[in-house]
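Coordinates as given in target-v5.txt (compact mmCIF, C-alpha atoms and all ligand atoms):
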```
# COMPACT_ATOMS: atom_id res chain seq x y z
CA MET A 1 121.38 4.49 174.32
CA SER A 2 119.15 2.48 176.59
CA GLY A 3 121.75 -0.02 177.85
CA PHE A 4 119.22 -2.81 177.14
CA ASP A 5 120.98 -5.84 175.66
CA PRO A 6 118.31 -7.79 173.74
CA SER A 7 120.41 -10.96 173.67
CA GLN A 8 119.94 -11.26 177.44
CA TYR A 9 116.14 -11.39 177.24
CA GLY A 10 113.27 -13.40 175.80
CA PRO A 11 111.13 -12.30 172.86
CA ASN A 12 108.25 -10.94 174.94
CA THR A 13 110.60 -8.72 176.93
CA ARG A 14 112.34 -7.53 173.76
CA ALA A 15 108.97 -6.63 172.20
CA VAL A 16 108.16 -4.12 174.93
CA ARG A 17 111.64 -2.97 176.05
CA ALA A 18 114.16 -3.14 173.18
CA GLY A 19 115.30 0.09 171.58
CA LYS A 20 113.71 2.44 174.09
CA VAL A 21 115.58 5.69 174.59
CA GLN A 22 114.69 7.65 177.71
CA SER A 23 114.65 11.45 177.63
CA GLN A 24 115.41 13.53 180.74
CA GLU A 25 111.62 13.81 181.32
CA GLY A 26 111.36 10.20 182.50
CA GLU A 27 108.46 9.12 180.25
CA ASN A 28 107.48 5.45 180.44
CA SER A 29 105.98 5.33 176.94
CA GLU A 30 108.33 6.04 174.04
CA LEU A 31 108.44 9.61 172.75
CA LEU A 32 107.24 10.70 169.35
CA TYR A 33 109.96 13.01 168.01
CA LEU A 34 107.85 14.91 165.51
CA THR A 35 110.57 17.11 164.07
CA SER A 36 112.03 17.38 160.59
CA SER A 37 115.40 18.79 161.66
CA PHE A 38 117.68 18.97 164.71
CA VAL A 39 119.59 21.97 166.11
CA PHE A 40 123.30 22.11 166.96
CA GLU A 41 125.02 23.83 169.87
CA SER A 42 127.45 25.61 167.61
CA ALA A 43 128.66 25.96 164.05
CA ALA A 44 131.54 23.64 164.89
CA GLU A 45 129.12 21.00 166.21
CA ALA A 46 127.04 21.29 163.00
CA ALA A 47 130.19 20.84 160.92
CA ALA A 48 131.25 17.77 162.94
CA ARG A 49 127.83 16.14 162.48
CA PHE A 50 127.70 16.87 158.75
CA SER A 51 131.18 15.51 158.19
CA GLY A 52 130.28 12.35 160.10
CA GLU A 53 133.05 13.00 162.63
CA ARG A 54 130.48 13.05 165.42
CA PRO A 55 127.30 10.93 165.54
CA GLY A 56 123.88 12.49 166.02
CA ASN A 57 120.75 13.54 164.24
CA ILE A 58 120.73 16.11 161.45
CA TYR A 59 117.51 15.73 159.52
CA SER A 60 114.65 13.20 159.70
CA ARG A 61 115.16 11.98 156.15
CA PHE A 62 118.46 10.55 157.53
CA THR A 63 117.70 9.59 161.12
CA ASN A 64 115.06 10.28 163.78
CA PRO A 65 115.01 8.99 167.38
CA THR A 66 111.49 7.50 167.14
CA VAL A 67 112.31 5.79 163.85
CA ARG A 68 115.51 4.49 165.44
CA MET A 69 113.60 3.02 168.39
CA PHE A 70 111.32 1.14 165.98
CA GLU A 71 114.36 -0.10 163.99
CA GLU A 72 116.15 -1.37 167.09
CA ARG A 73 113.07 -3.10 168.43
CA LEU A 74 112.29 -4.87 165.13
CA ALA A 75 115.95 -5.89 164.71
CA ALA A 76 115.87 -7.33 168.25
CA LEU A 77 112.73 -9.34 167.45
CA GLU A 78 114.06 -10.74 164.16
CA GLY A 79 117.49 -11.44 165.66
CA GLY A 80 119.19 -9.18 163.08
CA GLU A 81 122.09 -6.78 163.57
CA ARG A 82 120.49 -3.75 161.99
CA CYS A 83 117.13 -2.58 160.67
CA VAL A 84 116.36 0.27 158.29
CA ALA A 85 112.78 1.58 158.38
CA THR A 86 111.22 2.70 155.09
CA SER A 87 108.15 4.62 153.91
CA SER A 88 106.33 1.43 152.78
CA GLY A 89 106.89 -2.26 152.22
CA MET A 90 107.45 -1.56 148.53
CA SER A 91 110.08 1.07 149.28
CA ALA A 92 111.83 -1.49 151.51
CA ILE A 93 112.10 -3.82 148.51
CA LEU A 94 113.06 -0.98 146.13
CA SER A 95 115.71 0.40 148.52
CA THR A 96 117.20 -3.09 149.00
CA CYS A 97 117.43 -3.71 145.25
CA MET A 98 118.75 -0.24 144.39
CA ALA A 99 121.34 -0.43 147.16
CA LEU A 100 122.64 -3.94 146.57
CA LEU A 101 122.23 -4.56 142.84
CA GLN A 102 123.48 -2.97 139.66
CA GLY A 103 122.78 -3.13 135.94
CA GLY A 104 123.48 -6.62 134.61
CA ASP A 105 122.52 -8.37 137.86
CA HIS A 106 119.82 -11.02 137.99
CA ILE A 107 117.16 -11.99 140.57
CA VAL A 108 115.30 -15.27 140.96
CA CYS A 109 111.93 -14.62 142.57
CA SER A 110 108.95 -16.74 143.60
CA LEU A 111 105.89 -16.42 141.36
CA SER A 112 103.74 -16.22 144.48
CA VAL A 113 104.89 -12.87 145.85
CA PHE A 114 102.83 -9.74 146.45
CA GLY A 115 101.46 -8.50 143.09
CA THR A 116 103.23 -5.13 143.26
CA THR A 117 106.52 -6.91 143.95
CA VAL A 118 106.04 -8.80 140.66
CA ASN A 119 105.55 -5.44 138.92
CA LEU A 120 108.55 -3.84 140.60
CA LEU A 121 110.93 -6.70 139.81
CA GLY A 122 109.40 -7.65 136.47
CA LYS A 123 108.65 -4.21 134.97
CA VAL A 124 110.51 -1.41 136.77
CA LEU A 125 113.93 -2.91 137.52
CA PRO A 126 114.51 -4.13 133.91
CA LYS A 127 114.60 -0.43 132.90
CA PHE A 128 117.80 -0.25 134.95
CA GLY A 129 119.24 -3.48 133.57
CA VAL A 130 118.26 -5.79 136.44
CA GLN A 131 116.38 -8.85 135.19
CA THR A 132 114.20 -11.24 137.16
CA THR A 133 113.19 -14.85 136.50
CA PHE A 134 110.02 -15.98 138.30
CA VAL A 135 109.73 -19.59 139.51
CA PRO A 136 107.12 -21.63 141.42
CA LEU A 137 107.76 -21.15 145.15
CA THR A 138 107.90 -24.83 146.14
CA ASP A 139 109.71 -26.18 143.03
CA HIS A 140 113.32 -26.40 144.23
CA ALA A 141 114.61 -27.66 140.87
CA ALA A 142 113.11 -24.61 139.13
CA TRP A 143 114.98 -22.27 141.53
CA GLU A 144 118.23 -24.09 140.83
CA LYS A 145 117.70 -24.07 137.06
CA ALA A 146 116.89 -20.34 136.98
CA ILE A 147 120.21 -19.32 138.58
CA THR A 148 122.76 -17.76 136.21
CA PRO A 149 126.30 -16.48 136.82
CA ARG A 150 124.70 -12.98 137.16
CA THR A 151 122.25 -14.03 139.90
CA ARG A 152 122.82 -11.94 143.04
CA MET A 153 119.52 -12.39 144.86
CA LEU A 154 116.81 -14.97 145.57
CA PHE A 155 113.54 -13.42 146.74
CA LEU A 156 110.49 -15.08 148.31
CA GLU A 157 107.55 -14.83 150.69
CA THR A 158 106.59 -17.77 152.87
CA PRO A 159 103.81 -18.62 153.46
CA SER A 160 102.58 -17.18 150.18
CA ASN A 161 99.53 -14.99 149.88
CA PRO A 162 96.74 -15.98 149.24
CA LEU A 163 97.38 -19.75 148.90
CA GLY A 164 99.64 -20.30 151.91
CA GLU A 165 102.32 -22.33 150.10
CA VAL A 166 105.39 -22.82 152.29
CA ALA A 167 109.02 -22.69 151.10
CA ASP A 168 111.91 -24.44 152.80
CA ILE A 169 113.99 -21.39 153.80
CA ARG A 170 117.08 -23.43 154.78
CA LYS A 171 117.23 -25.20 151.42
CA LEU A 172 116.89 -21.96 149.46
CA ALA A 173 119.44 -20.18 151.66
CA ASP A 174 121.95 -22.98 150.97
CA LEU A 175 121.21 -22.72 147.25
CA ALA A 176 121.67 -18.92 147.28
CA HIS A 177 124.94 -19.13 149.21
CA ALA A 178 126.34 -21.85 146.92
CA HIS A 179 125.99 -19.28 144.10
CA ASN A 180 127.21 -16.26 146.03
CA ALA A 181 123.72 -14.74 146.09
CA LEU A 182 121.64 -13.28 148.94
CA LEU A 183 118.41 -14.86 150.17
CA VAL A 184 115.79 -12.19 150.83
CA VAL A 185 112.63 -13.26 152.71
CA ASP A 186 109.54 -11.06 152.91
CA ASN A 187 108.36 -12.01 156.42
CA CYS A 188 105.22 -9.88 156.31
CA LEU A 189 102.67 -12.65 156.79
CA CYS A 190 104.33 -14.42 159.72
CA THR A 191 106.20 -11.56 161.40
CA PRO A 192 108.97 -12.44 163.90
CA ALA A 193 106.23 -13.63 166.27
CA LEU A 194 105.74 -16.76 164.12
CA GLN A 195 108.86 -17.19 161.97
CA LEU A 196 112.54 -16.23 162.27
CA PRO A 197 114.08 -16.53 158.77
CA PHE A 198 117.62 -15.70 160.00
CA LYS A 199 117.57 -18.99 161.94
CA TYR A 200 117.34 -20.79 158.59
CA GLY A 201 120.04 -18.81 156.81
CA ALA A 202 118.16 -15.86 155.24
CA ASP A 203 120.39 -12.80 154.64
CA LEU A 204 117.78 -10.06 154.58
CA ILE A 205 114.22 -9.79 155.89
CA ILE A 206 111.67 -7.45 154.35
CA HIS A 207 108.56 -6.13 156.11
CA SER A 208 105.46 -4.30 155.12
CA ALA A 209 104.87 -2.73 158.55
CA THR A 210 101.49 -1.67 157.16
CA LYS A 211 100.17 -5.12 157.96
CA TYR A 212 100.61 -7.00 161.24
CA LEU A 213 103.29 -4.73 162.76
CA ASP A 214 100.75 -1.91 162.88
CA GLY A 215 97.98 -4.44 163.34
CA GLN A 216 95.13 -1.95 163.32
CA GLY A 217 95.20 -0.77 159.71
CA ARG A 218 96.36 2.82 160.29
CA CYS A 219 99.74 3.56 158.68
CA VAL A 220 101.84 2.59 155.66
CA GLY A 221 105.49 1.67 156.31
CA GLY A 222 108.17 -0.95 155.83
CA ALA A 223 111.56 -2.20 156.95
CA VAL A 224 114.64 -4.18 155.95
CA VAL A 225 116.57 -6.21 158.55
CA GLY A 226 119.99 -7.80 158.16
CA ALA A 227 123.73 -7.55 158.71
CA LYS A 228 125.32 -4.15 159.34
CA ASP A 229 127.58 -4.36 156.29
CA LEU A 230 124.56 -4.67 154.00
CA LEU A 231 122.36 -2.16 155.76
CA ASP A 232 124.51 0.62 157.25
CA GLU A 233 126.09 1.98 154.13
CA PRO A 234 124.33 0.42 151.14
CA VAL A 235 120.65 0.44 152.20
CA HIS A 236 120.65 3.35 154.66
CA GLY A 237 122.95 5.32 152.35
CA PHE A 238 120.47 4.85 149.49
CA LEU A 239 117.52 5.79 151.72
CA ARG A 240 119.00 9.03 153.00
CA THR A 241 119.72 10.09 149.43
CA ALA A 242 116.56 8.82 147.76
CA GLY A 243 114.20 9.74 150.60
CA THR A 244 112.47 6.39 151.07
CA SER A 245 112.47 7.12 154.83
CA MET A 246 109.73 6.33 157.36
CA SER A 247 107.85 9.21 158.99
CA PRO A 248 108.37 9.54 162.77
CA PHE A 249 104.63 9.46 163.38
CA ASN A 250 104.25 6.14 161.55
CA ALA A 251 107.33 4.78 163.33
CA TRP A 252 105.72 5.55 166.69
CA ILE A 253 102.55 3.63 165.69
CA PHE A 254 104.61 0.61 164.55
CA LEU A 255 106.87 0.77 167.63
CA LYS A 256 103.86 0.55 169.92
CA GLY A 257 102.37 -2.13 167.63
CA LEU A 258 105.41 -4.36 168.21
CA GLU A 259 104.60 -4.41 171.95
CA THR A 260 101.39 -6.39 171.35
CA LEU A 261 102.48 -8.24 168.19
CA ARG A 262 102.87 -11.70 169.73
CA LEU A 263 99.54 -11.57 171.54
CA ARG A 264 97.77 -10.39 168.41
CA MET A 265 99.41 -13.02 166.19
CA GLU A 266 98.38 -15.78 168.59
CA ALA A 267 94.78 -14.60 168.36
CA HIS A 268 94.95 -14.34 164.54
CA CYS A 269 96.28 -17.93 164.37
CA ARG A 270 93.69 -19.33 166.77
CA ASN A 271 90.74 -17.75 164.95
CA ALA A 272 92.09 -18.62 161.49
CA GLN A 273 92.60 -22.28 162.46
CA ALA A 274 89.01 -22.56 163.73
CA ILE A 275 87.58 -20.97 160.58
CA ALA A 276 89.75 -23.06 158.23
CA GLU A 277 88.60 -26.28 159.92
CA TRP A 278 84.97 -25.17 159.77
CA LEU A 279 85.24 -24.23 156.07
CA GLU A 280 86.63 -27.69 155.26
CA GLY A 281 83.31 -29.13 156.40
CA GLN A 282 81.19 -26.96 154.07
CA PRO A 283 79.97 -28.83 150.96
CA GLN A 284 79.94 -25.67 148.77
CA VAL A 285 83.65 -25.14 149.49
CA GLU A 286 85.84 -27.07 147.05
CA GLN A 287 89.16 -26.52 148.77
CA VAL A 288 90.59 -24.68 151.78
CA TYR A 289 94.16 -23.32 151.76
CA TYR A 290 95.66 -22.94 155.23
CA PRO A 291 99.05 -24.33 156.37
CA GLY A 292 97.54 -25.28 159.73
CA LEU A 293 95.30 -27.92 158.11
CA LYS A 294 96.53 -31.52 157.92
CA SER A 295 95.33 -31.52 154.29
CA HIS A 296 97.84 -28.76 153.39
CA PRO A 297 100.70 -30.17 151.27
CA GLN A 298 103.42 -28.40 153.33
CA HIS A 299 101.75 -28.74 156.73
CA ASP A 300 104.75 -30.56 158.27
CA LEU A 301 107.28 -28.07 156.94
CA ALA A 302 105.15 -25.16 158.20
CA ALA A 303 104.91 -26.82 161.62
CA ARG A 304 108.72 -27.12 161.78
CA GLN A 305 109.60 -23.71 160.37
CA GLN A 306 106.88 -21.57 161.97
CA SER A 307 105.57 -21.35 165.52
CA GLY A 308 102.05 -20.61 164.23
CA PHE A 309 100.21 -20.84 160.92
CA GLY A 310 99.15 -17.23 160.47
CA GLY A 311 95.90 -15.36 159.91
CA ILE A 312 95.22 -15.88 156.20
CA VAL A 313 92.70 -18.49 155.08
CA SER A 314 91.73 -18.86 151.43
CA PHE A 315 89.10 -21.14 149.94
CA ARG A 316 87.71 -22.00 146.54
CA MET A 317 83.94 -21.89 146.11
CA ARG A 318 82.03 -24.14 143.75
CA GLY A 319 80.46 -21.87 141.14
CA GLY A 320 83.47 -19.68 140.26
CA ARG A 321 83.44 -15.89 140.32
CA GLU A 322 79.66 -15.58 140.66
CA ALA A 323 79.53 -17.68 143.82
CA ALA A 324 82.60 -15.93 145.27
CA TRP A 325 81.17 -12.45 144.67
CA ARG A 326 77.74 -13.42 146.07
CA LEU A 327 79.35 -14.74 149.22
CA ILE A 328 81.49 -11.64 149.65
CA ASP A 329 78.52 -9.33 149.15
CA ALA A 330 76.37 -11.26 151.62
CA THR A 331 78.79 -10.85 154.55
CA ARG A 332 78.13 -8.03 157.00
CA LEU A 333 81.02 -8.24 159.46
CA PHE A 334 83.94 -8.85 157.11
CA SER A 335 85.36 -5.65 155.60
CA ILE A 336 85.58 -5.89 151.81
CA THR A 337 89.13 -4.59 151.46
CA ALA A 338 92.42 -5.92 150.18
CA ASN A 339 94.41 -4.92 153.27
CA LEU A 340 95.46 -7.54 155.78
CA GLY A 341 96.87 -7.78 159.27
CA ASP A 342 94.06 -5.82 160.88
CA THR A 343 92.06 -6.60 164.03
CA LYS A 344 89.02 -6.33 161.70
CA SER A 345 88.58 -9.40 159.51
CA THR A 346 88.75 -8.69 155.80
CA ILE A 347 87.47 -10.52 152.71
CA THR A 348 88.75 -10.23 149.13
CA HIS A 349 88.33 -11.76 145.68
CA PRO A 350 92.02 -12.01 144.66
CA ALA A 351 91.44 -12.68 140.92
CA THR A 352 89.75 -9.28 140.40
CA THR A 353 91.61 -7.20 143.03
CA THR A 354 95.08 -8.03 144.39
CA HIS A 355 95.94 -10.20 141.36
CA ASN A 356 94.02 -8.32 138.63
CA LYS A 357 97.22 -7.06 136.97
CA LEU A 358 98.41 -10.61 136.25
CA SER A 359 97.73 -12.10 132.82
CA ASP A 360 95.33 -15.06 132.69
CA ALA A 361 98.36 -17.33 132.21
CA GLN A 362 100.16 -15.88 135.25
CA ARG A 363 96.99 -16.22 137.35
CA GLU A 364 96.61 -19.81 136.20
CA ALA A 365 100.26 -20.54 137.07
CA SER A 366 99.86 -19.06 140.55
CA GLY A 367 96.56 -20.86 141.24
CA ILE A 368 94.38 -17.75 141.62
CA ALA A 369 91.07 -19.32 140.54
CA GLU A 370 87.89 -17.31 139.87
CA GLY A 371 86.16 -19.05 142.79
CA LEU A 372 88.94 -18.16 145.25
CA VAL A 373 88.07 -16.04 148.30
CA ARG A 374 90.71 -14.78 150.74
CA LEU A 375 90.03 -14.09 154.40
CA CYS A 376 92.38 -12.26 156.72
CA VAL A 377 90.98 -13.36 160.02
CA GLY A 378 90.91 -10.68 162.72
CA HIS A 379 89.92 -10.56 166.35
CA GLU A 380 86.11 -10.71 166.31
CA ASP A 381 84.37 -13.65 167.99
CA VAL A 382 84.89 -16.71 165.81
CA ALA A 383 81.21 -17.70 166.14
CA ASP A 384 80.19 -14.31 164.71
CA LEU A 385 82.60 -14.69 161.79
CA MET A 386 81.32 -18.21 161.05
CA GLY A 387 77.74 -16.96 161.17
CA ASP A 388 78.64 -14.25 158.66
CA LEU A 389 80.31 -16.76 156.30
CA GLU A 390 77.44 -19.22 156.69
CA ARG A 391 74.97 -16.58 155.54
CA GLY A 392 77.24 -15.87 152.56
CA ILE A 393 77.60 -19.55 151.65
CA LYS A 394 73.79 -20.03 151.81
CA ARG A 395 73.36 -17.08 149.45
CA THR A 396 75.46 -18.81 146.79
CA THR A 397 73.08 -21.75 146.58
CA GLY A 398 69.74 -20.13 147.22
C1 LIG A 401 101.51 -5.32 151.45
C2 LIG A 401 102.68 -6.12 151.15
C3 LIG A 401 103.84 -5.54 150.59
C4 LIG A 401 103.91 -4.08 150.24
O1 LIG A 401 103.81 -3.29 151.38
P1 LIG A 401 103.25 -1.77 151.36
O2 LIG A 401 103.44 -1.36 152.76
O3 LIG A 401 101.83 -1.83 150.89
O4 LIG A 401 104.10 -1.03 150.39
C5 LIG A 401 104.93 -6.35 150.38
N1 LIG A 401 104.91 -7.66 150.67
C6 LIG A 401 103.81 -8.26 151.19
C7 LIG A 401 103.85 -9.71 151.49
C8 LIG A 401 102.67 -7.51 151.44
O5 LIG A 401 101.59 -8.11 151.94
```
Please render this file's structure as structure tokens.
Amino acid sequence: MSGFDPSQYGPNTRAVRAGKVQSQEGENSELLYLTSSFVFESAAEAAARFSGERPGNIYSRFTNPTVRMFEERLAALEGGERCVATSSGMSAILSTCMALLQGGDHIVCSLSVFGTTVNLLGKVLPKFGVQTTFVPLTDHAAWEKAITPRTRMLFLETPSNPLGEVADIRKLADLAHAHNALLVVDNCLCTPALQLPFKYGADLIIHSATKYLDGQGRCVGGAVVGAKDLLDEPVHGFLRTAGTSMSPFNAWIFLKGLETLRLRMEAHCRNAQAIAEWLEGQPQVEQVYYPGLKSHPQHDLAARQQSGFGGIVSFRMRGGREAAWRLIDATRLFSITANLGDTKSTITHPATTTHNKLSDAQREASGIAEGLVRLCVGHEDVADLMGDLERGIKRTTG
């Protein structure tokens, strides 16, 4: 153990120091323990570790020192007791549900969550007797109405992707707790640099580390953060059996990513705000969706609940799918890819990519119009990004 008590330090110090374990070699940068298994000094020591009588590593599906460093650092940033790292964001959600729910249980989930989350909760879990009701993220009455005596979990993302709708975490946490259910918040888009859901009563935080925690688009991974009694046995116990574990190599990338997370998020927010404001002035753009704009319906809530508005800017072009596709194809700097949270800015047409599995009715209900374009603003010069978008916008009219 490092002897570093995160509660004694500010968030910037925690981001670079928390969780570090020093080997006898005296390295300053955290070690990558690229090993699948660990050796024991004796047969008796092996027996004591396997029986749980003595702590220590056995096998990297269970625990690994690099993975543990990442878990401790992320827990310290979110202000949670314990973190369990997983092989992807989806396996974080799967492991949480498999560990904490059973057949007959019920989930209430926002309609505006990641598309694969809709599939997991709506199509896969029902095979095991867990049902989900989907409700509009910002419609508090709909959340309340959807709760049944079997409801064990409320699940949401805020801000939502791609439209940036913002939920009142405190209100939904109070609602969940009044019905003996857990509030699970997917904090992927804000990260602990911009939003701390535990402050508002959330019970569990989910991450796709693939996105901003890595920040440079290299590795797939995820995490769950929360109280020890939920994570130690239930979630970690499921993971060591089911094998939804994070690889040590990926953990090392994410661990080092956390060190620069706050600086990177500040730059994402600054660039996104400038581009959102500029887009609002373009006549071919019908509407811009960014919580940092005064025109955003939950701007005040976002300003209270978040310390920054994030890197995702969406906008609806006049001229529907044709105009959106022409604009996307005319850009040269933006990467046409559905990933987000990268230093490289990306551009996507949600209706035909990230949200293509939804029915027309579901797309309609979640506001994914044919003219909608999503930007994940990276770290290029803002003037260069605007120039690229301007060329694309001109192409849609001429
Ligand atoms: C990408 C994403 C996920 C899934 O994460 P993977 O690492 O791709 O499995 C979950 N939630 C949100 C909000 C995401 O953006």
I'd like the contact shell of range 38-49 of chain A - 9 Å cut-off, all atoms listed in the file, skipping same-chain residues fewer than 4 positions apart - returned as a list of chain:residue names.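 These residues fall inside the cut-off: A:Glu53, A:Arg54, A:Pro55, A:Gly56, A:Asn57, A:Ile58, A:Tyr59, A:Ser60.
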Can you spit out the residues from that selection as a compact mmCIF listing (two decimals), in the coordinates of the input, using C-alpha atoms?
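Generated output (part21.txt):
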```txt
# COMPACT_ATOMS: atom_id res chain seq x y z
CA GLU A 53 133.05 13.00 162.63
CA ARG A 54 130.48 13.05 165.42
CA PRO A 55 127.30 10.93 165.54
CA GLY A 56 123.88 12.49 166.02
CA ASN A 57 120.75 13.54 164.24
CA ILE A 58 120.73 16.11 161.45
CA TYR A 59 117.51 15.73 159.52
CA SER A 60 114.65 13.20 159.70
```
Name each residue within 8 Å of ligand LIG 401 (chain A), counting all atoms listed in the file, as a short mmCIF file (atom, residue, chain, number, x, y, z; two decimals) with C-alpha atoms, keeping the file's coordinate frame.
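Listing of pocket_38.cif after writing:
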```
data_model
loop_
_atom_site.label_atom_id
_atom_site.label_comp_id
_atom_site.auth_asym_id
_atom_site.auth_seq_id
_atom_site.Cartn_x
_atom_site.Cartn_y
_atom_site.Cartn_z
CA SER A 87 108.15 4.62 153.91
CA SER A 88 106.33 1.43 152.78
CA GLY A 89 106.89 -2.26 152.22
CA MET A 90 107.45 -1.56 148.53
CA SER A 91 110.08 1.07 149.28
CA ALA A 92 111.83 -1.49 151.51
CA ILE A 93 112.10 -3.82 148.51
CA VAL A 113 104.89 -12.87 145.85
CA PHE A 114 102.83 -9.74 146.45
CA THR A 116 103.23 -5.13 143.26
CA THR A 117 106.52 -6.91 143.95
CA GLU A 157 107.55 -14.83 150.69
CA SER A 160 102.58 -17.18 150.18
CA ASN A 161 99.53 -14.99 149.88
CA ASP A 186 109.54 -11.06 152.91
CA ASN A 187 108.36 -12.01 156.42
CA CYS A 188 105.22 -9.88 156.31
CA LEU A 189 102.67 -12.65 156.79
CA ILE A 206 111.67 -7.45 154.35
CA HIS A 207 108.56 -6.13 156.11
CA SER A 208 105.46 -4.30 155.12
CA ALA A 209 104.87 -2.73 158.55
CA THR A 210 101.49 -1.67 157.16
CA LYS A 211 100.17 -5.12 157.96
CA VAL A 220 101.84 2.59 155.66
CA GLY A 221 105.49 1.67 156.31
CA GLY A 222 108.17 -0.95 155.83
CA ASN A 339 94.41 -4.92 153.27
CA LEU A 340 95.46 -7.54 155.78
#
```
Separation of CA of Arg363 in chain A from CA of Gly319 in chain A in Å: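 Atom-to-atom, CA of Gly319 in chain A and CA of Arg363 in chain A are spaced 17.9 Å apart.
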Ref. answer, residues at most 10 Å from (83.8, -24.2, 155.6) with all atoms listed in the file, as a list in words: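 All residues meeting the 10 Å criterion around (83.8, -24.2, 155.6) are Ala274, Ile275, Ala276, Glu277, Trp278, Leu279, Glu280, Gly281, Gln282, Pro283, Gln284, Val285, Glu286, Gln287, Val288, Phe315, Met317, Met386, Leu389, Glu390 and Ile393 of chain A.
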Write out, as a short mmCIF file (atom, residue, chain, number, x, y, z; two decimals), keeping the file's coordinate frame, the residues just selected, with C-alpha atoms.
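Saved file result-v8.cif follows:
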```cif
data_model
loop_
_atom_site.label_atom_id
_atom_site.label_comp_id
_atom_site.auth_asym_id
_atom_site.auth_seq_id
_atom_site.Cartn_x
_atom_site.Cartn_y
_atom_site.Cartn_z
CA ALA A 274 89.01 -22.56 163.73
CA ILE A 275 87.58 -20.97 160.58
CA ALA A 276 89.75 -23.06 158.23
CA GLU A 277 88.60 -26.28 159.92
CA TRP A 278 84.97 -25.17 159.77
CA LEU A 279 85.24 -24.23 156.07
CA GLU A 280 86.63 -27.69 155.26
CA GLY A 281 83.31 -29.13 156.40
CA GLN A 282 81.19 -26.96 154.07
CA PRO A 283 79.97 -28.83 150.96
CA GLN A 284 79.94 -25.67 148.77
CA VAL A 285 83.65 -25.14 149.49
CA GLU A 286 85.84 -27.07 147.05
CA GLN A 287 89.16 -26.52 148.77
CA VAL A 288 90.59 -24.68 151.78
CA PHE A 315 89.10 -21.14 149.94
CA MET A 317 83.94 -21.89 146.11
CA MET A 386 81.32 -18.21 161.05
CA LEU A 389 80.31 -16.76 156.30
CA GLU A 390 77.44 -19.22 156.69
CA ILE A 393 77.60 -19.55 151.65
#
```
Step by step: start from the point (109.0, -11.2, 165.1) in the file's coordinates, keep every protein, DNA or RNA residue that has an atom no farther than 8 Å from it, count only C-alpha atoms, and write the set as a VMD selection string. chain A and resid 74 77 to 78 190 to 196 261 to 262
Can you sort out the box for range 199-202 of chain A, edges along x, y and z, all listed atoms in, 5 Å on every side, with centre and edge lengths in Å to one decimal, as lines of an AutoDock Vina configuration file?
```
center_x = 118.7
center_y = -18.3
center_z = 158.6
size_x = 12.7
size_y = 14.9
size_z = 16.7
```
Counting only C-alpha atoms, closest pick from A:Phe249, A:Phe134, A:Tyr212, A:Trp143 relative to Ser36 in chain A is A:Phe249
Could you tell me which of A:Ile328, A:Ile347, A:Leu172, A:Val185 comes closest to Leu375 in chain A if we count only C-alpha atoms?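 Using only C-alpha atoms, Leu375 in chain A sits closest to A:Ile347.
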Taking only C-alpha atoms into account, which of A:Ala167, A:Thr13, A:Lys123, A:Ala369 comes nearest Asp300 in chain A?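 The closest residue to Asp300 in chain A is A:Ala167.
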For Tyr290 in chain A, which residue out of A:Ser51, A:Ser314, A:Thr331, A:Asn271 is the nearest one, using only C-alpha atoms? A:Ser314
For a test of reading the model, state the distance in Å between CA of Leu156 in chain A and CA of Leu263 in chain A, rounded to one decimal.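 Going from CA of Leu156 in chain A over to CA of Leu263 in chain A, I get 25.9 Å.
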Residue with smallest distance to Arg240 in chain A - pool A:Val224, A:Ala75, A:Val373, A:Ala85, counting only C-alpha atoms: A:Ala85
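Note that the spacing between CA of Ala272 in chain A and CA of His379 in chain A amounts to 9.7 Å.
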Got a sec: who's within 6 Å of range 99-108 of chain A, counting only C-alpha atoms, leaving out chain neighbours fewer than 6 positions off, as a ChimeraX atom specification? /A:128-134,150-154,234-235,238
Rank nothing, just name the residue among A:Leu385, A:Thr66, A:Ala202, A:Phe309 nearest to Arg270 in chain A, using all atoms listed in the file. A:Phe309
